[in-house]
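Asks: Handing over protein-v6.txt, compact mmCIF, C-alpha atoms.
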```
# COMPACT_ATOMS: atom_id res chain seq x y z
CA MET A 1455 17.48 -11.17 -2.61
CA GLN A 1456 15.95 -12.08 0.73
CA LEU A 1457 12.56 -11.99 2.48
CA LYS A 1458 12.63 -10.22 5.82
CA ILE A 1459 9.99 -10.33 8.57
CA VAL A 1460 9.29 -6.80 9.84
CA GLU A 1461 9.63 -6.89 13.63
CA GLY A 1462 11.81 -4.18 15.16
CA LYS A 1463 11.58 -0.40 14.97
CA LYS A 1464 14.25 -0.23 12.28
CA GLU A 1465 12.38 -2.63 9.98
CA LYS A 1466 9.05 -0.86 10.58
CA LYS A 1467 10.65 2.47 9.75
CA GLN A 1468 12.09 1.00 6.54
CA PHE A 1469 8.69 -0.47 5.59
CA LEU A 1470 6.94 2.89 6.00
CA ALA A 1471 9.76 4.82 4.33
CA PHE A 1472 9.47 2.64 1.21
CA ARG A 1473 5.78 3.51 0.87
CA GLN A 1474 6.40 7.20 1.45
CA LYS A 1475 9.26 7.40 -1.03
CA LYS A 1476 7.32 5.49 -3.65
CA TYR A 1477 4.24 7.72 -3.47
CA LYS A 1478 6.37 10.88 -3.49
CA SER A 1479 8.47 9.77 -6.44
CA GLU A 1480 5.44 8.89 -8.57
CA ALA A 1481 3.43 11.90 -7.28
CA ARG A 1482 0.23 10.54 -8.80
CA TYR A 1483 -1.79 9.01 -5.97
CA ILE A 1484 -2.52 9.74 -2.32
CA ASP A 1485 -1.59 7.10 0.26
CA ASN A 1486 -4.70 6.53 2.39
CA ASN A 1487 -3.23 3.54 4.25
CA TYR A 1488 -0.02 4.97 5.75
CA PHE A 1489 -1.78 6.08 8.95
CA MET A 1490 -3.47 2.69 9.42
CA ILE A 1491 -0.19 0.81 8.98
CA GLU A 1492 1.39 3.07 11.60
CA GLU A 1493 -1.42 2.13 13.97
CA ILE A 1494 -0.98 -1.57 13.18
CA PHE A 1495 2.75 -1.33 13.90
CA GLY A 1496 1.98 0.53 17.13
CA GLU A 1497 -0.51 -2.22 18.10
CA LYS A 1498 -3.10 0.48 18.77
CA LEU A 1499 -6.10 -1.01 16.94
CA HIS A 1500 -8.65 -3.21 18.68
CA PHE A 1501 -9.59 -4.56 15.27
CA THR A 1502 -6.17 -6.10 14.62
CA LYS A 1503 -6.02 -7.88 17.98
CA GLY A 1504 -8.15 -10.62 16.44
CA LEU A 1505 -5.79 -11.05 13.49
CA LYS A 1506 -2.49 -12.84 13.03
CA ILE A 1507 -0.29 -10.25 11.35
CA THR A 1508 3.10 -10.69 9.64
CA PRO A 1509 4.56 -7.65 7.86
CA VAL A 1510 7.19 -8.67 5.30
CA MET A 1511 9.65 -7.03 2.91
CA VAL A 1512 11.69 -8.48 0.08
CA LEU A 1513 15.12 -6.84 -0.10
CA ASP A 1514 17.68 -6.78 -2.89
CA ASP A 1515 21.34 -7.65 -2.31
CA ASN A 1516 22.01 -4.08 -1.12
CA GLY A 1517 19.24 -4.18 1.47
CA ASN A 1518 16.81 -2.01 -0.53
CA VAL A 1519 13.09 -2.82 -0.48
CA MET A 1520 11.72 -4.28 -3.72
CA CYS A 1521 8.23 -5.13 -2.49
CA GLU A 1522 6.38 -5.38 0.79
CA ALA A 1523 3.01 -6.28 2.32
CA VAL A 1524 1.26 -7.14 5.56
CA ILE A 1525 0.21 -10.79 5.57
CA ALA A 1526 -2.86 -11.26 7.76
CA PHE A 1527 -5.10 -14.09 8.86
CA ALA A 1528 -8.56 -13.51 10.31
CA PRO A 1529 -9.93 -16.62 12.09
CA LEU A 1530 -13.45 -15.47 11.16
CA LEU A 1531 -12.44 -15.66 7.47
CA PRO A 1532 -10.68 -19.03 7.67
CA GLU A 1533 -10.56 -19.83 3.96
CA TYR A 1534 -8.13 -17.01 3.18
CA VAL A 1535 -4.74 -15.68 4.13
CA GLN A 1536 -4.61 -12.02 3.12
CA VAL A 1537 -1.87 -10.02 1.40
CA CYS A 1538 -2.65 -6.46 2.54
CA PHE A 1539 -1.11 -3.04 1.77
CA PHE A 1540 1.03 -4.43 -1.05
CA GLU A 1541 3.56 -2.09 -2.66
CA ALA A 1542 6.31 -2.89 -5.15
CA LEU A 1543 8.81 -1.49 -7.60
CA GLU A 1544 8.45 -2.21 -11.28
CA GLY A 1545 10.43 -5.08 -12.77
CA CYS A 1546 10.72 -7.27 -9.66
CA ARG A 1547 8.43 -10.20 -10.40
CA ASP A 1548 10.79 -12.65 -8.66
CA ALA A 1549 10.52 -10.61 -5.46
CA VAL A 1550 6.72 -10.58 -5.66
CA GLU A 1551 6.73 -14.34 -6.23
CA LEU A 1552 8.93 -14.78 -3.14
CA LEU A 1553 6.51 -12.68 -1.08
CA LEU A 1554 3.50 -14.70 -2.27
CA GLY A 1555 5.42 -17.89 -1.52
CA HIS A 1556 5.72 -16.79 2.11
CA ALA A 1557 1.98 -16.00 2.19
CA ASP A 1558 1.39 -19.53 0.85
CA ARG A 1559 3.48 -21.07 3.65
CA LEU A 1560 1.66 -19.06 6.32
CA GLY A 1561 -1.67 -19.95 4.75
CA ARG A 1562 -0.87 -23.65 5.02
CA GLU A 1563 0.04 -23.16 8.69
CA TYR A 1564 -3.30 -21.46 9.32
CA GLY A 1565 -5.26 -24.11 7.38
CA CYS A 1566 -6.32 -21.71 4.62
CA LYS A 1567 -7.28 -22.75 1.10
CA ARG A 1568 -6.58 -19.54 -0.81
CA ILE A 1569 -4.54 -16.34 -0.80
CA VAL A 1570 -6.48 -13.12 -1.35
CA ILE A 1571 -4.41 -10.14 -2.50
CA GLY A 1572 -5.84 -6.67 -2.00
CA LEU A 1573 -8.02 -7.14 1.08
CA ALA A 1574 -7.04 -4.76 3.90
CA GLY A 1575 -7.84 -7.00 6.88
CA HIS A 1576 -11.58 -6.49 6.42
CA VAL A 1577 -13.66 -5.14 3.55
CA ASN A 1578 -14.58 -2.14 5.74
CA TYR A 1579 -10.96 -0.97 5.48
CA GLY A 1580 -10.38 -1.48 1.78
CA LEU A 1581 -10.49 -3.90 -1.12
CA GLY A 1582 -8.81 -4.11 -4.49
CA PHE A 1583 -6.26 -2.55 -6.81
CA LEU A 1584 -6.95 0.15 -9.34
CA ALA A 1585 -7.42 -1.48 -12.77
CA SER A 1586 -8.40 1.45 -15.02
CA ARG A 1587 -8.14 5.24 -15.34
CA TYR A 1588 -4.67 5.23 -13.88
CA GLU A 1589 -4.26 8.89 -14.77
CA LYS A 1590 -6.89 9.97 -12.21
CA VAL A 1591 -6.05 10.81 -8.60
CA ASN A 1592 -7.59 8.24 -6.26
CA SER A 1593 -10.51 9.34 -4.11
CA PHE A 1594 -10.52 8.99 -0.31
CA SER A 1595 -10.27 5.31 0.77
CA SER A 1596 -9.78 4.13 -2.84
CA PRO A 1597 -6.57 2.48 -4.03
CA GLY A 1598 -4.10 4.12 -6.37
CA ASN A 1599 -1.45 2.03 -8.12
CA ALA A 1600 0.36 1.65 -11.41
CA PRO A 1601 -0.81 -0.96 -13.98
CA TYR A 1602 2.18 -3.23 -13.34
CA TYR A 1603 0.77 -4.21 -9.93
CA ASN A 1604 -2.05 -6.03 -11.70
CA ASP A 1605 0.37 -7.43 -14.28
CA TYR A 1606 2.35 -9.16 -11.51
CA PHE A 1607 -0.65 -11.08 -10.18
CA VAL A 1608 -2.04 -12.02 -13.58
CA ALA A 1609 1.39 -13.28 -14.67
CA LEU A 1610 1.64 -15.36 -11.48
CA GLY A 1611 -1.59 -17.17 -12.32
CA CYS A 1612 -3.97 -15.47 -9.91
CA GLN A 1613 -7.71 -15.42 -10.44
CA THR A 1614 -9.14 -11.91 -10.97
CA ILE A 1615 -12.22 -10.74 -9.06
CA ASN A 1616 -13.62 -7.58 -10.67
CA LEU A 1617 -15.06 -4.51 -8.94
CA ASN A 1618 -16.46 -1.25 -10.34
CA SER A 1619 -17.23 2.27 -9.18
CA TYR A 1620 -19.80 4.68 -10.64
CA TYR A 1621 -19.90 8.43 -11.17
CA ALA A 1622 -22.43 11.23 -11.59
CA ASP A 1623 -21.36 14.51 -13.23
CA THR A 1624 -24.32 16.38 -11.78
CA LEU A 1625 -26.55 15.64 -8.81
CA ASP A 1626 -29.43 17.97 -9.74
CA HIS A 1627 -32.65 16.14 -10.61
CA LYS A 1628 -30.86 12.78 -10.64
CA LEU A 1629 -33.67 11.12 -8.62
CA ASP A 1630 -36.66 13.02 -10.04
CA ARG A 1631 -38.00 9.97 -11.88
CA TYR A 1632 -38.28 8.12 -8.55
CA SER A 1633 -39.96 10.98 -6.66
CA ALA A 1634 -43.30 9.18 -6.22
CA ILE A 1635 -41.62 6.07 -4.76
CA ILE A 1636 -39.37 8.19 -2.53
CA SER A 1637 -42.33 10.22 -1.22
CA LYS A 1638 -44.17 7.03 -0.35
CA LEU A 1639 -41.12 5.62 1.46
CA ARG A 1640 -40.60 8.85 3.39
CA ARG A 1641 -44.16 8.57 4.68
CA LYS A 1642 -43.72 4.94 5.68
CA TYR A 1643 -40.22 5.02 7.20
CA GLU A 1644 -38.32 7.47 9.38
CA PHE A 1645 -34.88 8.58 8.19
CA ARG A 1646 -32.47 9.70 10.90
CA THR A 1647 -28.89 10.90 10.88
CA PHE A 1648 -26.29 9.47 13.24
CA ASP A 1649 -26.60 11.17 16.65
CA LYS A 1650 -23.24 11.37 18.45
CA ARG A 1651 -25.05 12.06 21.72
CA GLN A 1652 -26.24 8.45 21.41
CA PHE A 1653 -23.01 7.20 19.91
CA GLU A 1654 -23.18 3.69 21.30
CA PHE A 1655 -26.78 3.12 20.11
CA TYR A 1656 -26.13 4.28 16.55
CA SER A 1657 -22.74 2.61 16.32
CA LYS A 1658 -24.29 -0.70 17.39
CA ALA A 1659 -27.10 -0.20 14.86
CA TYR A 1660 -24.45 0.29 12.17
CA THR A 1661 -22.65 -2.91 13.22
CA ASP A 1662 -25.84 -4.97 13.42
CA LEU A 1663 -26.95 -3.81 9.97
CA ASN A 1664 -23.53 -4.54 8.47
CA ASN A 1665 -23.50 -8.04 9.92
CA ALA A 1666 -27.06 -8.74 8.78
CA CYS A 1667 -26.86 -7.15 5.32
CA PHE A 1668 -23.42 -8.36 4.24
CA SER A 1669 -23.19 -11.83 5.74
CA GLU A 1670 -23.11 -13.39 2.24
CA HIS A 1671 -20.84 -10.73 0.76
CA ARG A 1672 -17.53 -12.05 -0.60
CA TYR A 1673 -14.76 -11.54 2.01
CA TYR A 1674 -17.09 -10.08 4.65
CA TYR A 1675 -16.87 -11.49 8.16
CA HIS A 1676 -18.57 -10.63 11.43
CA ARG A 1677 -17.68 -7.35 13.11
CA ASP A 1678 -17.99 -6.78 16.84
CA TYR A 1679 -19.24 -3.54 18.38
CA GLU A 1680 -15.82 -2.36 19.47
CA ASP A 1681 -14.41 -2.77 15.93
CA ASP A 1682 -16.92 -0.31 14.48
CA MET A 1683 -16.89 2.08 17.43
CA GLU A 1684 -13.14 2.39 16.86
CA MET A 1685 -13.56 2.93 13.12
CA LEU A 1686 -16.43 5.41 13.45
CA LYS A 1687 -14.65 7.46 16.12
CA GLU A 1688 -11.78 7.98 13.71
CA LEU A 1689 -14.13 8.78 10.83
CA PHE A 1690 -15.98 11.35 12.93
CA LEU A 1691 -12.79 13.36 13.19
CA PHE A 1692 -13.70 14.34 9.61
CA ILE A 1693 -17.33 13.51 8.93
CA ASN A 1694 -20.51 15.09 10.30
CA GLU A 1695 -23.52 13.28 11.73
CA ASP A 1696 -25.35 13.62 8.41
CA SER A 1697 -22.71 11.39 6.77
CA VAL A 1698 -24.60 8.39 8.14
CA TYR A 1699 -28.34 7.98 7.61
CA PHE A 1700 -30.52 5.20 8.99
CA ALA A 1701 -33.95 4.07 7.86
CA PHE A 1702 -36.21 3.08 10.75
CA ASP A 1703 -39.35 0.98 10.60
CA GLY A 1704 -40.85 2.08 13.90
CA ASP A 1705 -38.05 1.66 16.41
CA ARG A 1706 -36.15 -0.84 14.27
CA PRO A 1707 -33.16 0.20 12.12
CA VAL A 1708 -33.68 -1.55 8.76
CA GLY A 1709 -31.18 0.18 6.48
CA PHE A 1710 -28.30 2.68 6.40
CA ILE A 1711 -26.05 4.64 4.08
CA LEU A 1712 -22.54 6.01 4.72
CA TRP A 1713 -21.09 8.84 2.64
CA TYR A 1714 -18.66 11.73 2.98
CA PRO A 1715 -16.88 14.38 0.91
CA ASP A 1716 -13.82 13.18 -0.99
CA TYR A 1717 -11.20 14.28 1.52
CA ASN A 1718 -8.40 13.39 -0.88
CA GLU A 1719 -9.17 16.72 -2.55
CA LEU A 1720 -7.44 18.25 0.49
CA ALA A 1721 -4.20 16.40 -0.24
CA LYS A 1722 -1.61 16.64 -2.98
CA PRO A 1723 -0.68 13.64 -5.12
CA GLY A 1724 2.26 11.87 -3.53
CA GLU A 1725 1.20 12.67 0.03
CA SER A 1726 0.30 10.31 2.84
CA PHE A 1727 -3.09 11.28 4.23
CA GLY A 1728 -2.79 12.17 7.90
CA THR A 1729 -3.24 14.60 10.76
CA LYS A 1730 -2.58 17.80 8.83
CA HIS A 1731 -5.53 17.09 6.56
CA PHE A 1732 -7.80 17.21 9.59
CA PHE A 1733 -6.87 20.87 9.97
CA LEU A 1734 -7.13 21.48 6.23
CA ASN A 1735 -10.65 20.07 6.39
CA LYS A 1736 -11.55 22.66 9.02
CA LEU A 1737 -10.14 25.45 6.82
CA LYS A 1738 -10.94 24.30 3.28
CA GLY A 1739 -13.42 21.43 3.61
CA LYS A 1740 -16.21 23.42 1.96
CA ASN A 1741 -14.16 23.54 -1.25
CA ILE A 1742 -14.47 19.77 -1.82
CA LYS A 1743 -16.43 19.12 -5.01
CA THR A 1744 -17.05 15.37 -4.92
CA VAL A 1745 -19.19 13.31 -2.56
CA LYS A 1746 -18.16 9.70 -1.97
CA VAL A 1747 -20.96 7.19 -1.30
CA MET A 1748 -19.18 4.41 0.56
CA GLU A 1749 -21.80 1.80 1.38
CA TRP A 1750 -25.43 1.14 1.95
CA GLY A 1751 -27.27 -1.84 3.32
CA VAL A 1752 -30.90 -2.82 3.69
CA LEU A 1753 -32.26 -5.88 5.50
CA ASP A 1754 -33.40 -8.67 3.18
CA GLU A 1755 -37.11 -8.22 3.82
CA TYR A 1756 -36.91 -4.51 2.87
CA ARG A 1757 -34.85 -4.77 -0.33
CA GLY A 1758 -37.70 -4.94 -2.82
CA CYS A 1759 -39.38 -1.65 -1.90
CA GLY A 1760 -36.78 0.83 -3.18
CA LEU A 1761 -35.35 1.74 0.22
CA PRO A 1762 -31.76 2.12 -1.06
CA VAL A 1763 -32.91 4.85 -3.47
CA ALA A 1764 -34.64 6.67 -0.60
CA LEU A 1765 -31.39 6.50 1.40
CA VAL A 1766 -29.47 7.96 -1.55
CA ASP A 1767 -32.12 10.69 -1.69
CA CYS A 1768 -31.30 11.52 1.96
CA VAL A 1769 -27.69 12.10 0.91
CA TYR A 1770 -28.64 14.24 -2.09
CA ARG A 1771 -30.96 16.37 0.05
CA THR A 1772 -28.14 16.92 2.54
CA LEU A 1773 -25.74 18.18 -0.11
CA SER A 1774 -27.39 21.59 -0.08
CA ASN A 1775 -25.33 22.07 3.13
CA TYR A 1776 -22.12 21.30 1.23
CA ASN A 1777 -20.44 22.48 -1.93
CA CYS A 1778 -20.27 19.09 -3.64
CA SER A 1779 -21.28 18.85 -7.29
CA PHE A 1780 -20.23 15.32 -8.24
CA MET A 1781 -20.81 11.84 -6.83
CA GLU A 1782 -18.55 8.79 -6.90
CA SER A 1783 -19.46 5.41 -5.47
CA SER A 1784 -17.02 3.19 -3.66
CA TRP A 1785 -16.06 -0.15 -5.20
CA ILE A 1786 -18.84 -2.63 -5.89
CA LEU A 1787 -18.20 -6.26 -6.67
CA GLU A 1788 -19.20 -6.95 -10.26
CA GLU A 1789 -21.08 -10.02 -9.05
CA ASN A 1790 -23.26 -7.81 -6.78
CA GLU A 1791 -26.13 -7.36 -9.20
CA ASP A 1792 -28.44 -5.52 -6.77
CA SER A 1793 -25.98 -2.74 -5.96
CA THR A 1794 -24.82 -2.53 -9.57
CA SER A 1795 -28.39 -2.01 -10.80
CA ILE A 1796 -28.99 0.74 -8.20
CA CYS A 1797 -25.79 2.53 -9.25
CA GLU A 1798 -26.83 2.35 -12.87
CA MET A 1799 -30.14 3.98 -11.88
CA ILE A 1800 -28.73 6.90 -9.89
CA THR A 1801 -25.44 7.72 -11.69
CA ASP A 1802 -24.19 8.50 -15.19
CA GLY A 1803 -22.49 5.12 -15.42
CA LEU A 1804 -19.30 3.17 -14.89
CA TYR A 1805 -16.28 5.16 -13.67
CA LYS A 1806 -13.30 3.12 -12.45
CA GLN A 1807 -12.53 -0.59 -12.39
CA TYR A 1808 -10.71 -2.41 -9.62
CA ALA A 1809 -9.44 -5.95 -9.12
CA VAL A 1810 -8.81 -8.37 -6.26
CA TYR A 1811 -6.65 -11.44 -6.82
CA GLU A 1812 -6.94 -14.97 -5.46
CA LYS A 1813 -4.54 -17.88 -5.65
CA GLU A 1814 -4.89 -21.45 -4.45
CA ILE A 1815 -2.55 -22.49 -1.66
CA GLY A 1816 -0.15 -25.36 -2.05
```
Turn the structure described in the file into structure tokens.

Replies:
Amino acid sequence: MQLKIVEGKKEKKQFLAFRQKKYKSEARYIDNNYFMIEEIFGEKLHFTKGLKITPVMVLDDNGNVMCEAVIAFAPLLPEYVQVCFFEALEGCRDAVELLLGHADRLGREYGCKRIVIGLAGHVNYGLGFLASRYEKVNSFSSPGNAPYYNDYFVALGCQTINLNSYYADTLDHKLDRYSAIISKLRRKYEFRTFDKRQFEFYSKAYTDLNNACFSEHRYYYHRDYEDDMEMLKELFLFINEDSVYFAFDGDRPVGFILWYPDYNELAKPGESFGTKHFFLNKLKGKNIKTVKVMEWGVLDEYRGCGLPVALVDCVYRTLSNYNCSFMESSWILEENEDSTSICEMITDGLYKQYAVYEKEIG
């Protein structure tokens, strides 16, 4: 058994092939990260230029991959070295321990205090492992993995950080009880969709709100304008302008919400999400039944007035233009009491559980 740094084309091809074969053989989940890893290997992303990245594989004596990950360090998140895009076979705990040992060594070089396992470079790109309802296909941008992934990290003494998602079986009349508050907020604030004709303005508003709203969020670190312009340009290959709403107080953006249909409904379990699904979206996008609410943020001084509920109402009003019947939230840290309470208000309750793992270095 040996740990191999992924550097050349041959190693990168082997890294990607392991993921592809694993998802196809299990045929349960959709790989939403394959395309991003390709871009990382091709050094195409502005976002990753600020990271120190080390892709690694652990190989058996015959040169077959047992587990792999991208180890990343973000100078703006100096406490942690990250183990991203982890994949592994079952029954290879020693290989996983070897991989985490290399992350520990790199973390000491970078001056980190802890390893975080399950963070995809930045929270905007993904966080966590699936930790319940393993029989369900993962929604777009959500992880899908077998239970033994979590068993590895628990057995190796990692601390578990819990996350949850929420679900609504029907969207009709879900916000009726808050109609008086919503009407008042709609009179006081202006709600606008993203306008691609003013892409730079709205993209910068999105970045500024993220940096202001999530500065104390676990694992969040400052984004620059180019990071989010890059991310939003790729998202807008699929989403429409009404997938991002902003709340304005006069000329000032004070809150936002990002949502989109669950594009994983266009893919088959075992597939890697990619270019062909862009064309499927054009042909069959109106058949998607679930809406995915990814994130919302409201400036501190506006949090107590119910503005997040009014932003969710913007999404629900928009769904008359779509064929969606169900709503799923993205992951929410269990410690995030504000977002958890809002989800409990506007959904039918808890849906899936996720987990992130931390381990002290040294």

Asks: Residues near segment 1650-1652 of chain A, anyone? I mean within 12 Å using all atoms listed in the file, not counting same-chain ones fewer than 2 positions away, as a short mmCIF file (atom, residue, chain, number, x, y, z; two decimals) with C-alpha atoms, in the coordinates of the input.

Replies:
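Contents of around00.cif, freshly written:
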```cif
data_model
loop_
_atom_site.label_atom_id
_atom_site.label_comp_id
_atom_site.auth_asym_id
_atom_site.auth_seq_id
_atom_site.Cartn_x
_atom_site.Cartn_y
_atom_site.Cartn_z
CA THR A 1647 -28.89 10.90 10.88
CA PHE A 1648 -26.29 9.47 13.24
CA GLU A 1654 -23.18 3.69 21.30
CA PHE A 1655 -26.78 3.12 20.11
CA TYR A 1656 -26.13 4.28 16.55
CA SER A 1657 -22.74 2.61 16.32
CA LYS A 1658 -24.29 -0.70 17.39
CA ALA A 1659 -27.10 -0.20 14.86
CA MET A 1683 -16.89 2.08 17.43
CA LEU A 1686 -16.43 5.41 13.45
CA LYS A 1687 -14.65 7.46 16.12
CA PHE A 1690 -15.98 11.35 12.93
CA LEU A 1691 -12.79 13.36 13.19
CA ILE A 1693 -17.33 13.51 8.93
CA ASN A 1694 -20.51 15.09 10.30
CA GLU A 1695 -23.52 13.28 11.73
CA ASP A 1696 -25.35 13.62 8.41
CA SER A 1697 -22.71 11.39 6.77
CA VAL A 1698 -24.60 8.39 8.14
#
```

Asks: One decimal, in Å: what's the spacing between atom CA of Phe1700 of chain A and atom CA of Tyr1660 of chain A?

Replies: 8.4 Å

Asks: From the list A:Tyr1675, A:Tyr1564, A:Tyr1699, A:Tyr1717, which residue is nearest Ile1742 of chain A when using all atoms listed in the file?

Replies: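 Using all atoms listed in the file, Ile1742 of chain A sits closest to A:Tyr1717.
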
Asks: Mind checking which residues fall within 6 Å of segment 1528-1543 of chain A, counting only C-alpha atoms, ignoring those fewer than 2 positions away in the same chain, and posting them as a list in words?

Replies: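 Listing them by chain and then by number gives Leu1505, Met1520, Cys1521, Glu1522, Ala1523, Val1524, Ile1525, Ala1526, Gly1561, Cys1566, Lys1567, Arg1568, Ile1569, Val1570, Ile1571, Gly1572, Leu1573 and Ala1574 of chain A.
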
Asks: Suppose we keep C-alpha atoms; can you now write the selection as a compact mmCIF listing (two decimals), keeping the file's coordinate frame?

Replies:
```txt
# COMPACT_ATOMS: atom_id res chain seq x y z
CA LEU A 1505 -5.79 -11.05 13.49
CA MET A 1520 11.72 -4.28 -3.72
CA CYS A 1521 8.23 -5.13 -2.49
CA GLU A 1522 6.38 -5.38 0.79
CA ALA A 1523 3.01 -6.28 2.32
CA VAL A 1524 1.26 -7.14 5.56
CA ILE A 1525 0.21 -10.79 5.57
CA ALA A 1526 -2.86 -11.26 7.76
CA GLY A 1561 -1.67 -19.95 4.75
CA CYS A 1566 -6.32 -21.71 4.62
CA LYS A 1567 -7.28 -22.75 1.10
CA ARG A 1568 -6.58 -19.54 -0.81
CA ILE A 1569 -4.54 -16.34 -0.80
CA VAL A 1570 -6.48 -13.12 -1.35
CA ILE A 1571 -4.41 -10.14 -2.50
CA GLY A 1572 -5.84 -6.67 -2.00
CA LEU A 1573 -8.02 -7.14 1.08
CA ALA A 1574 -7.04 -4.76 3.90
```

Asks: Against segment 1578-1597 of chain A, which residues of segment 1464-1542 of chain A fall within 9 Å? For each one I want the closest pair of atoms and the distance in Å (one decimal), counting all atoms listed in the file, rows by chain and increasing residue number, as a Markdown table.

Replies:
```
| residue | atom | partner | partner_atom | distance |
| --- | --- | --- | --- | --- |
| A:Arg1482 | CA | A:Val1591 | CA | 6.3 |
| A:Tyr1483 | CA | A:Val1591 | CA | 5.3 |
| A:Ile1484 | CA | A:Asn1592 | CA | 6.6 |
| A:Asp1485 | CA | A:Pro1597 | CA | 8.0 |
| A:Asn1486 | CA | A:Ser1595 | CA | 5.9 |
| A:Asn1487 | CA | A:Ser1595 | CA | 8.1 |
```

Asks: With a distance cut-off of 6 Å and all atoms listed in the file, select the neighbouring residues of segment 1606-1623 of chain A, excluding the residue or stretch itself and same-chain residues fewer than 6 positions from it, and output the selection as a PyMOL selection string.

Replies: chain A and resi 1780-1788+1801-1813

Asks: Write the selection just made, keeping C-alpha atoms, as a tab-separated table (two decimals), in the coordinates of the input?

Replies:
```tsv
chain	number	residue	atom	x	y	z
A	1780	PHE	CA	-20.23	15.32	-8.24
A	1781	MET	CA	-20.81	11.84	-6.83
A	1782	GLU	CA	-18.55	8.79	-6.90
A	1783	SER	CA	-19.46	5.41	-5.47
A	1784	SER	CA	-17.02	3.19	-3.66
A	1785	TRP	CA	-16.06	-0.15	-5.20
A	1786	ILE	CA	-18.84	-2.63	-5.89
A	1787	LEU	CA	-18.20	-6.26	-6.67
A	1788	GLU	CA	-19.20	-6.95	-10.26
A	1801	THR	CA	-25.44	7.72	-11.69
A	1802	ASP	CA	-24.19	8.50	-15.19
A	1803	GLY	CA	-22.49	5.12	-15.42
A	1804	LEU	CA	-19.30	3.17	-14.89
A	1805	TYR	CA	-16.28	5.16	-13.67
A	1806	LYS	CA	-13.30	3.12	-12.45
A	1807	GLN	CA	-12.53	-0.59	-12.39
A	1808	TYR	CA	-10.71	-2.41	-9.62
A	1809	ALA	CA	-9.44	-5.95	-9.12
A	1810	VAL	CA	-8.81	-8.37	-6.26
A	1811	TYR	CA	-6.65	-11.44	-6.82
A	1812	GLU	CA	-6.94	-14.97	-5.46
A	1813	LYS	CA	-4.54	-17.88	-5.65
```

Asks: Between atom CA of Phe1501 of chain A and atom CA of Arg1706 of chain A, what distance in Å does the model show, to one decimal?

Replies: 26.8 Å

Asks: When distances are computed from only C-alpha atoms, which of A:Gly1816, A:Pro1762, A:Glu1684, A:Ala1481 shows the smallest separation from Gly1565 of chain A?

Replies: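 With only C-alpha atoms as the atom set, the closest residue is A:Gly1816.
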
Asks: Can you measure atom CA of Leu1712 of chain A to atom CA of Trp1750 of chain A for me? One decimal in Å is fine.

Replies: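 Value for the atom CA of Leu1712 of chain A-atom CA of Trp1750 of chain A distance: 6.3 Å.
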
Asks: Taking only C-alpha atoms into account, name the residue in A:Asp1754, A:Val1519, A:Lys1730, A:Ala1634 that is nearest to Asn1665 of chain A.

Replies: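 The closest residue to Asn1665 of chain A is A:Asp1754.
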
Asks: For segment 1759-1770 of chain A, take all atoms listed in the file, fit an axis-aligned box around them, add 5 Å to each of the six sides, then output centre and edge lengths in Å rounded to one decimal, as lines of an AutoDock Vina configuration file.

Replies:
```
center_x = -33.5
center_y = 6.3
center_z = -0.8
size_x = 21.7
size_y = 25.9
size_z = 15.4
```

Asks: I'd like to know which of A:Val1747, A:Ile1636, A:Asn1790, A:Val1550 is closest to His1671 of chain A, using only C-alpha atoms.

Replies: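 Under the stated criterion, the closest residue is A:Asn1790.
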
Asks: Hey, which of A:Glu1492, A:His1576, A:Ala1600, A:Met1511 ends up closest to Arg1672 of chain A? Count all atoms listed in the file.

Replies: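 So, comparing all the options, the nearest one is A:His1576.
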
Asks: With distances taken over all atoms listed in the file, which residue among A:Cys1667, A:Ala1701, A:Ala1764, A:Cys1759 lies nearest Tyr1643 of chain A?

Replies: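 Selected residue with least distance to Tyr1643 of chain A: A:Ala1701.
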